[in-house]
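Source file: run.cif. Holds: mmCIF, C-alpha atoms, pLDDT in the B column; chains and numbers go by the auth columns.
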data_data
#
loop_
_atom_site.group_PDB
_atom_site.id
_atom_site.type_symbol
_atom_site.label_atom_id
_atom_site.label_comp_id
_atom_site.label_asym_id
_atom_site.label_seq_id
_atom_site.Cartn_x
_atom_site.Cartn_y
_atom_site.Cartn_z
_atom_site.B_iso_or_equiv
_atom_site.auth_seq_id
_atom_site.auth_asym_id
ATOM 1 C CA MET A 1 -23.463 -6.810 4.858 85.00 247 A
ATOM 2 C CA LEU A 2 -27.047 -6.447 6.081 87.00 248 A
ATOM 3 C CA LYS A 3 -26.794 -9.781 7.888 89.00 249 A
ATOM 4 C CA HIS A 4 -23.547 -8.674 9.513 89.00 250 A
ATOM 5 C CA LEU A 5 -25.156 -5.402 10.642 91.00 251 A
ATOM 6 C CA ARG A 6 -28.167 -7.280 12.046 92.00 252 A
ATOM 7 C CA LYS A 7 -25.962 -9.631 14.047 92.00 253 A
ATOM 8 C CA GLN A 8 -23.826 -6.713 15.197 91.00 254 A
ATOM 9 C CA ALA A 9 -27.003 -5.014 16.451 92.00 255 A
ATOM 10 C CA GLY A 10 -27.925 -8.179 18.361 93.00 256 A
ATOM 11 C CA LEU A 11 -31.227 -8.601 16.532 92.00 257 A
ATOM 12 C CA SER A 12 -32.860 -11.774 15.312 93.00 258 A
ATOM 13 C CA GLY A 13 -34.398 -11.875 11.871 91.00 259 A
ATOM 14 C CA VAL A 14 -37.855 -11.974 13.471 93.00 260 A
ATOM 15 C CA ARG A 15 -37.184 -8.889 15.556 93.00 261 A
ATOM 16 C CA LEU A 16 -35.732 -6.946 12.612 92.00 262 A
ATOM 17 C CA ALA A 17 -38.721 -7.979 10.491 91.00 263 A
ATOM 18 C CA ALA A 18 -41.074 -6.537 13.116 92.00 264 A
ATOM 19 C CA ARG A 19 -39.107 -3.278 13.215 91.00 265 A
ATOM 20 C CA CYS A 20 -39.211 -2.972 9.420 91.00 266 A
ATOM 21 C CA ASN A 21 -42.760 -4.204 8.868 90.00 267 A
ATOM 22 C CA MET A 22 -41.416 -7.018 6.660 91.00 268 A
ATOM 23 C CA SER A 23 -41.754 -10.751 6.835 92.00 269 A
ATOM 24 C CA GLN A 24 -38.923 -12.683 8.450 92.00 270 A
ATOM 25 C CA SER A 25 -38.772 -14.898 5.356 93.00 271 A
ATOM 26 C CA LYS A 26 -38.112 -11.841 3.173 92.00 272 A
ATOM 27 C CA ILE A 27 -35.227 -10.801 5.405 92.00 273 A
ATOM 28 C CA SER A 28 -33.907 -14.363 5.305 92.00 274 A
ATOM 29 C CA ARG A 29 -34.066 -14.409 1.485 90.00 275 A
ATOM 30 C CA ILE A 30 -32.250 -11.066 1.297 89.00 276 A
ATOM 31 C CA GLU A 31 -29.552 -12.150 3.762 89.00 277 A
ATOM 32 C CA GLY A 32 -29.179 -15.516 2.020 86.00 278 A
ATOM 33 C CA ASN A 33 -28.734 -13.794 -1.352 81.00 279 A
ATOM 34 C CA LYS A 34 -31.853 -15.511 -2.681 83.00 280 A
ATOM 35 C CA SER A 35 -33.645 -12.224 -3.306 82.00 281 A
ATOM 36 C CA ARG A 36 -32.248 -8.830 -4.238 82.00 282 A
ATOM 37 C CA PRO A 37 -33.760 -6.108 -2.066 85.00 283 A
ATOM 38 C CA SER A 38 -35.166 -2.954 -3.569 84.00 284 A
ATOM 39 C CA LEU A 39 -33.600 0.338 -2.524 83.00 285 A
ATOM 40 C CA LEU A 40 -36.665 0.960 -0.372 86.00 286 A
ATOM 41 C CA ASP A 41 -36.157 -2.417 1.353 89.00 287 A
ATOM 42 C CA VAL A 42 -32.533 -1.517 2.087 90.00 288 A
ATOM 43 C CA GLU A 43 -33.559 1.866 3.503 90.00 289 A
ATOM 44 C CA GLN A 44 -36.153 0.186 5.744 91.00 290 A
ATOM 45 C CA LEU A 45 -33.617 -2.361 6.966 92.00 291 A
ATOM 46 C CA LEU A 46 -31.018 0.307 7.694 93.00 292 A
ATOM 47 C CA ARG A 47 -33.573 2.303 9.694 91.00 293 A
ATOM 48 C CA GLY A 48 -34.573 -0.859 11.566 92.00 294 A
ATOM 49 C CA LEU A 49 -30.914 -1.513 12.331 93.00 295 A
ATOM 50 C CA ALA A 50 -30.346 2.108 13.412 93.00 296 A
ATOM 51 C CA ALA A 51 -27.286 2.185 11.162 92.00 297 A
ATOM 52 C CA SER A 52 -25.006 5.195 11.415 91.00 298 A
ATOM 53 C CA PRO A 53 -25.216 7.710 8.554 90.00 299 A
ATOM 54 C CA ALA A 54 -21.781 6.638 7.261 90.00 300 A
ATOM 55 C CA VAL A 55 -22.694 2.937 7.231 90.00 301 A
ATOM 56 C CA ALA A 56 -26.099 3.687 5.709 88.00 302 A
ATOM 57 C CA ALA A 57 -24.473 5.712 2.918 87.00 303 A
ATOM 58 C CA GLU A 58 -22.016 2.894 2.170 86.00 304 A
ATOM 59 C CA VAL A 59 -24.733 0.218 2.102 86.00 305 A
ATOM 60 C CA MET A 60 -27.029 2.352 -0.042 85.00 306 A
ATOM 61 C CA ALA A 61 -24.191 2.949 -2.519 79.00 307 A
ATOM 62 C CA LEU A 62 -23.667 -0.813 -2.777 79.00 308 A
ATOM 63 C CA ALA A 63 -27.406 -1.363 -3.181 80.00 309 A
ATOM 64 C CA ARG A 64 -27.526 1.177 -6.020 76.00 310 A
ATOM 65 C CA ILE A 65 -24.647 -0.597 -7.761 71.00 311 A
ATOM 66 C CA ALA A 66 -26.387 -3.942 -7.317 69.00 312 A
ATOM 67 C CA GLN A 67 -29.550 -2.525 -8.850 68.00 313 A
ATOM 68 C CA THR A 68 -27.714 -1.224 -11.912 60.00 314 A
ATOM 69 C CA GLU A 69 -24.865 -3.699 -12.413 56.00 315 A
ATOM 70 C CA TRP A 70 -26.542 -7.043 -11.727 55.00 316 A
ATOM 71 C CA PRO A 71 -29.961 -7.326 -13.339 52.00 317 A
ATOM 72 C CA ASP A 72 -32.213 -10.124 -12.179 53.00 318 A
ATOM 73 C CA GLY A 73 -33.200 -13.092 -14.330 51.00 319 A
ATOM 74 C CA ARG A 74 -36.462 -11.532 -15.511 54.00 320 A
ATOM 75 C CA THR A 75 -34.653 -8.402 -16.702 54.00 321 A
ATOM 76 C CA LEU A 76 -32.009 -10.488 -18.468 50.00 322 A
ATOM 77 C CA ARG A 77 -34.653 -12.541 -20.265 51.00 323 A
ATOM 78 C CA GLY A 78 -36.467 -9.391 -21.326 55.00 324 A
ATOM 79 C CA LYS A 79 -33.456 -7.433 -22.578 58.00 325 A
ATOM 80 C CA GLY A 80 -31.171 -10.206 -23.625 67.00 326 A
ATOM 81 C CA LEU A 81 -27.652 -10.680 -22.346 73.00 327 A
ATOM 82 C CA ASP A 82 -26.132 -9.685 -25.673 76.00 328 A
ATOM 83 C CA LYS A 83 -27.686 -6.216 -25.462 78.00 329 A
ATOM 84 C CA LYS A 84 -26.155 -5.708 -22.011 78.00 330 A
ATOM 85 C CA GLN A 85 -22.737 -6.815 -23.298 82.00 331 A
ATOM 86 C CA VAL A 86 -22.965 -4.409 -26.254 82.00 332 A
ATOM 87 C CA GLN A 87 -23.926 -1.607 -23.864 80.00 333 A
ATOM 88 C CA LEU A 88 -20.974 -2.361 -21.554 82.00 334 A
ATOM 89 C CA ALA A 89 -18.550 -2.641 -24.492 83.00 335 A
ATOM 90 C CA GLY A 90 -19.679 0.793 -25.673 82.00 336 A
ATOM 91 C CA LEU A 91 -19.033 2.280 -22.240 82.00 337 A
ATOM 92 C CA GLU A 92 -15.609 0.643 -22.146 86.00 338 A
ATOM 93 C CA GLN A 93 -14.688 2.011 -25.571 84.00 339 A
ATOM 94 C CA SER A 94 -15.723 5.562 -24.689 83.00 340 A
ATOM 95 C CA SER A 95 -14.043 5.619 -21.263 86.00 341 A
ATOM 96 C CA THR A 96 -10.380 6.086 -20.470 90.00 342 A
ATOM 97 C CA GLU A 97 -10.315 5.452 -16.731 90.00 343 A
ATOM 98 C CA PHE A 98 -12.018 2.577 -14.936 89.00 344 A
ATOM 99 C CA ARG A 99 -12.332 2.056 -11.193 90.00 345 A
ATOM 100 C CA TYR A 100 -13.855 -1.085 -9.775 90.00 346 A
ATOM 101 C CA PHE A 101 -14.547 -1.988 -6.176 91.00 347 A
ATOM 102 C CA LEU A 102 -15.509 -5.641 -6.202 88.00 348 A
ATOM 103 C CA LEU A 103 -17.128 -6.569 -2.928 87.00 349 A
ATOM 104 C CA SER A 104 -18.493 -10.031 -3.530 86.00 350 A
ATOM 105 C CA MET A 105 -17.569 -11.311 -7.000 89.00 351 A
ATOM 106 C CA ILE A 106 -15.017 -10.852 -9.748 92.00 352 A
ATOM 107 C CA THR A 107 -16.013 -8.760 -12.754 91.00 353 A
ATOM 108 C CA GLY A 108 -16.243 -10.422 -16.160 90.00 354 A
ATOM 109 C CA LEU A 109 -13.275 -8.341 -17.322 93.00 355 A
ATOM 110 C CA LEU A 110 -11.012 -10.343 -14.992 95.00 356 A
ATOM 111 C CA ALA A 111 -12.799 -13.688 -15.124 95.00 357 A
ATOM 112 C CA THR A 112 -11.742 -16.994 -16.610 95.00 358 A
ATOM 113 C CA PRO A 113 -14.139 -18.624 -19.108 94.00 359 A
ATOM 114 C CA GLU A 114 -15.260 -21.091 -16.408 94.00 360 A
ATOM 115 C CA TYR A 115 -16.023 -18.260 -13.988 94.00 361 A
ATOM 116 C CA VAL A 116 -17.944 -16.341 -16.648 92.00 362 A
ATOM 117 C CA ARG A 117 -20.015 -19.448 -17.506 91.00 363 A
ATOM 118 C CA ALA A 118 -20.795 -20.082 -13.840 91.00 364 A
ATOM 119 C CA SER A 119 -21.854 -16.457 -13.345 88.00 365 A
ATOM 120 C CA LEU A 120 -24.443 -16.821 -16.106 85.00 366 A
ATOM 121 C CA THR A 121 -26.209 -19.991 -14.951 82.00 367 A
ATOM 122 C CA GLN A 122 -29.359 -17.997 -14.116 76.00 368 A
ATOM 123 C CA ALA A 123 -29.583 -16.710 -17.678 74.00 369 A
ATOM 124 C CA PRO A 124 -31.701 -18.444 -20.313 76.00 370 A
ATOM 125 C CA PRO A 125 -29.685 -21.312 -21.874 79.00 371 A
ATOM 126 C CA GLU A 126 -30.127 -19.973 -25.411 79.00 372 A
ATOM 127 C CA GLN A 127 -28.374 -16.732 -24.407 81.00 373 A
ATOM 128 C CA GLN A 128 -25.523 -18.185 -22.331 84.00 374 A
ATOM 129 C CA ALA A 129 -23.023 -19.218 -25.034 86.00 375 A
ATOM 130 C CA LYS A 130 -23.243 -15.904 -26.876 87.00 376 A
ATOM 131 C CA ALA A 131 -22.992 -13.918 -23.630 87.00 377 A
ATOM 132 C CA VAL A 132 -19.912 -15.877 -22.513 90.00 378 A
ATOM 133 C CA ALA A 133 -18.201 -15.196 -25.843 91.00 379 A
ATOM 134 C CA MET A 134 -19.100 -11.502 -25.700 91.00 380 A
ATOM 135 C CA LYS A 135 -17.897 -11.129 -22.100 91.00 381 A
ATOM 136 C CA LEU A 136 -14.596 -12.783 -22.927 93.00 382 A
ATOM 137 C CA ASP A 137 -14.225 -10.628 -26.052 94.00 383 A
ATOM 138 C CA ARG A 138 -14.713 -7.502 -23.929 93.00 384 A
ATOM 139 C CA GLN A 139 -11.564 -8.431 -21.971 94.00 385 A
ATOM 140 C CA ARG A 140 -9.455 -7.117 -24.869 94.00 386 A
ATOM 141 C CA VAL A 141 -10.041 -3.623 -23.480 94.00 387 A
ATOM 142 C CA LEU A 142 -7.678 -4.489 -20.608 92.00 388 A
ATOM 143 C CA PHE A 143 -4.738 -4.369 -23.027 91.00 389 A
ATOM 144 C CA ASP A 144 -5.604 -0.991 -24.539 92.00 390 A
ATOM 145 C CA ARG A 145 -2.710 1.223 -23.385 91.00 391 A
ATOM 146 C CA SER A 146 -4.849 4.368 -23.627 93.00 392 A
ATOM 147 C CA LYS A 147 -7.032 3.143 -20.767 92.00 393 A
ATOM 148 C CA LYS A 148 -6.289 3.024 -17.038 92.00 394 A
ATOM 149 C CA PHE A 149 -7.797 0.382 -14.762 91.00 395 A
ATOM 150 C CA THR A 150 -7.978 0.236 -10.994 92.00 396 A
ATOM 151 C CA PHE A 151 -9.467 -2.880 -9.420 92.00 397 A
ATOM 152 C CA ILE A 152 -9.956 -3.258 -5.685 93.00 398 A
ATOM 153 C CA LEU A 153 -11.129 -6.721 -4.700 93.00 399 A
ATOM 154 C CA THR A 154 -12.122 -7.895 -1.254 92.00 400 A
ATOM 155 C CA GLU A 155 -11.005 -11.310 -0.089 91.00 401 A
ATOM 156 C CA GLN A 156 -14.653 -12.366 -0.308 90.00 402 A
ATOM 157 C CA ALA A 157 -14.737 -11.465 -4.008 90.00 403 A
ATOM 158 C CA VAL A 158 -11.569 -13.410 -4.740 93.00 404 A
ATOM 159 C CA ARG A 159 -12.667 -16.484 -2.764 91.00 405 A
ATOM 160 C CA TYR A 160 -16.352 -16.467 -3.748 89.00 406 A
ATOM 161 C CA PRO A 161 -17.095 -20.179 -4.396 89.00 407 A
ATOM 162 C CA LEU A 162 -18.859 -19.727 -7.718 89.00 408 A
ATOM 163 C CA VAL A 163 -16.733 -22.444 -9.340 93.00 409 A
ATOM 164 C CA SER A 164 -15.001 -25.635 -8.176 94.00 410 A
ATOM 165 C CA PRO A 165 -11.837 -25.291 -6.067 95.00 411 A
ATOM 166 C CA ASP A 166 -9.622 -26.176 -9.058 96.00 412 A
ATOM 167 C CA GLU A 167 -11.357 -23.603 -11.272 95.00 413 A
ATOM 168 C CA LEU A 168 -11.148 -21.037 -8.467 95.00 414 A
ATOM 169 C CA ALA A 169 -7.390 -21.658 -8.273 95.00 415 A
ATOM 170 C CA MET A 170 -7.185 -20.936 -12.020 96.00 416 A
ATOM 171 C CA GLN A 171 -9.222 -17.759 -11.477 95.00 417 A
ATOM 172 C CA VAL A 172 -6.863 -16.586 -8.718 95.00 418 A
ATOM 173 C CA ASP A 173 -3.908 -17.406 -10.995 95.00 419 A
ATOM 174 C CA ARG A 174 -5.478 -15.248 -13.722 94.00 420 A
ATOM 175 C CA LEU A 175 -5.829 -12.354 -11.272 94.00 421 A
ATOM 176 C CA ALA A 176 -2.177 -12.749 -10.262 92.00 422 A
ATOM 177 C CA SER A 177 -1.086 -12.892 -13.920 91.00 423 A
ATOM 178 C CA LEU A 178 -3.006 -9.727 -14.784 89.00 424 A
ATOM 179 C CA THR A 179 -1.561 -7.992 -11.727 85.00 425 A
ATOM 180 C CA LEU A 180 1.995 -8.995 -12.638 78.00 426 A
ATOM 181 C CA SER A 181 1.425 -7.993 -16.257 71.00 427 A
ATOM 182 C CA ALA A 182 0.146 -4.549 -15.250 66.00 428 A
ATOM 183 C CA THR A 183 2.925 -4.134 -12.701 62.00 429 A
ATOM 184 C CA ALA A 184 5.637 -4.966 -15.225 62.00 430 A
ATOM 185 C CA GLU A 185 4.063 -2.683 -17.809 64.00 431 A
ATOM 186 C CA ASN A 186 3.884 0.267 -15.405 59.00 432 A
ATOM 187 C CA GLY A 187 7.255 -0.378 -13.819 55.00 433 A
ATOM 188 C CA THR A 188 5.741 -0.395 -10.341 50.00 434 A
ATOM 189 C CA SER A 189 5.772 -2.889 -7.535 46.00 435 A
ATOM 190 C CA SER A 190 2.727 -4.680 -6.196 44.00 436 A
ATOM 191 C CA ASN A 191 1.884 -5.993 -2.748 45.00 437 A
ATOM 192 C CA GLY A 192 -0.713 -8.417 -4.102 41.00 438 A
#
Mind turning the file's structure into structure tokens?
Amino acid sequence: MLKHLRKQAGLSGVRLAARCNMSQSKISRIEGNKSRPSLLDVEQLLRGLAASPAVAAEVMALARIAQTEWPDGRTLRGKGLDKKQVQLAGLEQSSTEFRYFLLSMITGLLATPEYVRASLTQAPPEQQAKAVAMKLDRQRVLFDRSKKFTFILTEQAVRYPLVSPDELAMQVDRLASLTLSATAENGTSSNG
């Protein structure tokens, strides 16, 4: 989104870097999804882009989610993936209504085993197998009739090339199956 806003503003990475007192390589890493920006970085970039208050609020909300939902590799190694899965399972058990807006990737609750494995490649190998099993086990919450789920996925999230084209087709099929299952259960129609 930051890259899109920069291009929309007609700025090069070098020029934006000068406006934000950042290196161009840092901006490139952020835009290339090689480095997660801090909230302060995002604020600086939005000021440098002269983003409208509405756009700035939307981007900052996404940045806050990214900071809390997707820990970096160092954090994962320190805490352990299993602890994060236990924490999420606890939240899922104590909640009755879930709302997800998935901008760039599919959540583990909707993912196939292949997608889950691919999403954890940055994690330490000794933690991956257990984390995959725990993520897949957490999917049982989807079938708890006392809970209500709303998932909004962008096309980018659905088509994110995390897995091979064949595995992505299976992932899309899983999304369709869950949608049809929920639609039939609720007696409503779905437009996809």
Exercise for review: Using all atoms listed in the file, pick whichever of A:Gln374, A:Asn267, A:Thr396, A:Thr358 has the shortest atom-to-atom distance to A:Leu421.
Suggested key: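 Checking each of A:Gln374, A:Asn267, A:Thr396, A:Thr358 against A:Leu421, counting all atoms listed in the file, the winner is A:Thr358.
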Review point. Any chance you could work out the residue set of the PyMOL selection byres ((chain A and resi 398) around 6) here, as a PyMOL selection string?
Key: chain A and resi 347+397+399
Point to revise | Evaluate the PyMOL selection byres ((chain A and resi 353) around 10) and report residues as a list in words | key: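 In the shown coordinates, the PyMOL selection byres ((chain A and resi 353) around 10) covers Tyr346, Phe347, Leu348, Ser350, Met351, Ile352, Gly354, Leu355, Leu356, Ala357, Tyr361, Val362, Ser365, Lys381, Phe397, Leu399 and Ala403 of chain A.
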Review point. In Å, with one decimal, what is the gap from atom CA of A:Gln333 to atom CA of A:Asp390?
Key: 18.3 Å
**Study point:** Nearby residues (all atoms listed in the file) at most 10 Å from A:Arg405, same-chain spacing under 4 positions excluded, as a list in words
**Key:**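 Listed by chain and then number, they are Ser350, Met351, Ile352, Thr400, Glu401, Val409, Pro411, Leu414, Ala415, Gln417 and Val418 of chain A.
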Give, as lines of an AutoDock Vina configuration file, the centre coordinates and the x, y and z edge lengths in Å to one decimal for an axis-aligned box around all listed atoms of stretch 373-390 of chain A, padded by 5 Å on each side.
center_x = -16.6
center_y = -10.1
center_z = -23.7
size_x = 33.6
size_y = 28.2
size_z = 16.3
**Study point:** Selection: 10 Å around stretch 262-266 of chain A, only C-alpha atoms, excl. self and same-chain fewer than 6 positions, as a ChimeraX atom specification
**Key:** /A:252,255-256,272-274,287,289-295
Practice item. For atom CA of A:Met247 and atom CA of A:Phe344, determine how far apart the two atoms are, in Å to one decimal place. Key: 24.7 Å
**Study point:** Residue nearest A:Gln385 - candidates A:Glu338, A:Asp419, A:Asp412, A:Glu360, atoms counted: all atoms listed in the file
**Key:**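 Closest to A:Gln385, using all atoms listed in the file: A:Glu338.
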